[in-house]
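Chemist: Questions regarding the structure given below will be posed in turn.
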Amino acid sequence: GAVVSQHPSWVICKSGTSVKIECRSLDFQATTMFWYRQFPKQSLMLMATSNEGSKATYEQGVEKDKFLINHASLTLSTLTVTSAHPEDSSFYICSARSDTQYFGPGTRLTVL
Amino acid sequence: LAKTTQPISMDSYEGQEVNITCSHNNIATNDYITWYQQFPSQGPRFIIQGYKTKVTNEVASLFIPADRKSSTLSLPRVSLSDTAVYYCLVAGAGNNRKLIWGLGTSLAVNP
């Protein structure tokens with residue numbers, strides 16, 4: 001199947017700093033990518049839909065100014081968590097669609 | 001977006017066949033049924049997808065009755081490494097379709 005990568009796989013940062021997470025589709029082009037967040041023992045929660053060349057569409061309750069999404073090319077979408085706080089600590093996962101939706105390996109964010 | 005209902009957890013033993021059933025009573029005509037597997041601290045992994053009747057690949061089979069209001073994922077001869085959470089999702093086939101995730105089924109395979 002298609003491959004989606006994420007970088008970094010884990011990151012630890014201080015409260016108040018910003019963190020950027022990259023999502024790449026390695027062997028296909030994706031006009032649409034999705035960003036999810038998952039807390040321990042819970043299901044995936046869709047945060048936003050990233051559209052190449054246009055603004056992202058955020059789900060209800062997700063702050064667009066806090067979670068900045070940029071989809072500058074057909075193979076790369078980035079999620080920047082701005083002014084991170086401990087409650088933003090979570091597992092962030094991206095996905096992109098080829099013949100079906102393929103998911104990245106996830107990024108573990110820990111905010112101290 | 002169709003809602004899905006699955007058992008919260010299941011237990012099995014190595015070598016057994018495991019069948020996980022998912023209910024999706026409000027499935028739309030253009031919705032496909034997709035199953036994913038997720039291990040802790042990893043992204044979901046695609047298992048199988050179908051629209052109707054039966055689909056089989058190298059890891060699983062998917063049975064879909066004529067009314068499509070449910071589906072059953074069948075894992076033949078499970079091993080300890082199949083211990084994971086299994087998610088059933090239904091959504092349309094468009095490139096920008098959103099997937100709404102339920103709680104999934106936590107499968108524990110015992111020795």
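Residues in the structure tokens are named by chain (A, B, ... in the order shown) and by number from 1 within that chain; ligands are numbered from 1 in the order shown.
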For range 46-54 of chain A, list every protein, DNA or RNA residue within 9 Å, evaluated using only C-alpha atoms, and leave out those in the same chain fewer than 2 positions away; present the list as a ChimeraX atom specification.
Modeler: /A:30-38,44,56-62,64,67,69-78 /B:96,98-101
Chemist: What are the residues of chain A lining chain B at 9 Å or less? Count only C-alpha atoms, and put the answer as a VMD selection string.
Modeler: chain A and resid 1 30 to 34 40 to 46 49 51 91 to 108
Chemist: Output C-alpha atoms for every residue in that selection, as a JSON list (two decimals), in the first residue's frame.
Modeler:
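out-v3.json was written with the following content:
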```
[["chain", "number", "residue", "atom", "x", "y", "z"],
["A", 1, "GLY", "CA", 0.00, 0.00, 0.00],
["A", 30, "ALA", "CA", -2.43, 13.90, -2.11],
["A", 31, "THR", "CA", -4.56, 16.97, -2.64],
["A", 32, "THR", "CA", -6.21, 16.28, 0.69],
["A", 33, "MET", "CA", -4.65, 15.20, 3.95],
["A", 34, "PHE", "CA", -6.22, 14.83, 7.36],
["A", 40, "PRO", "CA", -4.60, 7.49, 25.55],
["A", 41, "LYS", "CA", -7.22, 4.76, 25.39],
["A", 42, "GLN", "CA", -9.39, 6.90, 23.12],
["A", 43, "SER", "CA", -10.28, 6.85, 19.46],
["A", 44, "LEU", "CA", -8.92, 9.12, 16.78],
["A", 45, "MET", "CA", -10.44, 12.56, 16.68],
["A", 46, "LEU", "CA", -10.41, 14.44, 13.39],
["A", 49, "THR", "CA", -8.81, 18.62, 6.64],
["A", 51, "ASN", "CA", -6.27, 21.04, 1.25],
["A", 91, "PHE", "CA", -0.56, 11.56, 19.71],
["A", 92, "TYR", "CA", -0.97, 13.37, 16.40],
["A", 93, "ILE", "CA", -1.64, 11.34, 13.27],
["A", 94, "CYS", "CA", -2.00, 12.39, 9.66],
["A", 95, "SER", "CA", -3.53, 10.55, 6.74],
["A", 96, "ALA", "CA", -3.67, 10.91, 2.99],
["A", 97, "ARG", "CA", -5.81, 9.24, 0.41],
["A", 98, "SER", "CA", -4.58, 7.13, -2.47],
["A", 99, "ASP", "CA", -6.91, 4.25, -3.32],
["A", 100, "THR", "CA", -7.92, 4.39, 0.30],
["A", 101, "GLN", "CA", -6.81, 6.42, 3.31],
["A", 102, "TYR", "CA", -3.33, 5.65, 4.55],
["A", 103, "PHE", "CA", -2.04, 6.84, 7.88],
["A", 104, "GLY", "CA", 1.28, 8.08, 9.08],
["A", 105, "PRO", "CA", 3.02, 6.45, 12.05],
["A", 106, "GLY", "CA", 2.03, 9.29, 14.35],
["A", 107, "THR", "CA", 3.91, 11.89, 16.38],
["A", 108, "ARG", "CA", 3.97, 11.79, 20.16]]
```
Chemist: Skip Thr83 in chain B itself and residues of its chain fewer than 6 positions away, then list as a list of chain:residue names all residues within 8 Å of it, counting only C-alpha atoms.
Modeler: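 My reading of the contact set: B:Phe39, B:Ser106, B:Leu107, B:Ala108, B:Val109.
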Chemist: Here is a test: counting only C-alpha atoms, which residue of B:Val90, B:Val55, B:Asp82, B:Gly15 is nearest to Tyr32 in chain B?
Modeler: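 Under the stated criterion, the closest residue is B:Val90.
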Chemist: Find the residues around Pro7 in chain B up to 8 Å (only C-alpha atoms counted), leave out those fewer than 5 positions away in its own chain, and share them as an mmCIF file with N, CA and C atoms, in the first residue's frame.
Modeler:
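Once everything was written out, this is around_3.cif:
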```cif
data_model
loop_
_atom_site.group_PDB
_atom_site.id
_atom_site.type_symbol
_atom_site.label_atom_id
_atom_site.label_comp_id
_atom_site.auth_asym_id
_atom_site.auth_seq_id
_atom_site.Cartn_x
_atom_site.Cartn_y
_atom_site.Cartn_z
ATOM 1 N N ILE B 20 -15.306 -10.162 13.973
ATOM 2 C CA ILE B 20 -15.729 -8.920 14.615
ATOM 3 C C ILE B 20 -16.817 -8.305 13.749
ATOM 4 N N THR B 21 -17.979 -8.115 14.358
ATOM 5 C CA THR B 21 -19.108 -7.571 13.608
ATOM 6 C C THR B 21 -19.318 -6.101 13.921
ATOM 7 N N CYS B 22 -19.656 -5.361 12.902
ATOM 8 C CA CYS B 22 -19.885 -3.926 13.012
ATOM 9 C C CYS B 22 -21.275 -3.609 12.457
ATOM 10 N N GLY B 104 -13.880 1.465 18.382
ATOM 11 C CA GLY B 104 -13.168 0.288 17.937
ATOM 12 C C GLY B 104 -13.370 -0.905 18.852
ATOM 13 N N THR B 105 -12.816 -2.033 18.448
ATOM 14 C CA THR B 105 -12.870 -3.281 19.221
ATOM 15 C C THR B 105 -11.459 -3.641 19.633
#
```
Chemist: DSSP on the backbone: what in range 33-93 of chain A comes out strand (DSSP E), as number ranges by chain?
Modeler: A: 33-38, 45-51, 57-58, 67-73, 76-81, 90-93
Chemist: Do a neighbour search on range 80-89 of chain A at 9 Å with only C-alpha atoms, toss out local chain neighbours closer than 4 positions, and write the hits as a PyMOL selection string.
Modeler: chain A and resi 13-22+39+65-70+108-112
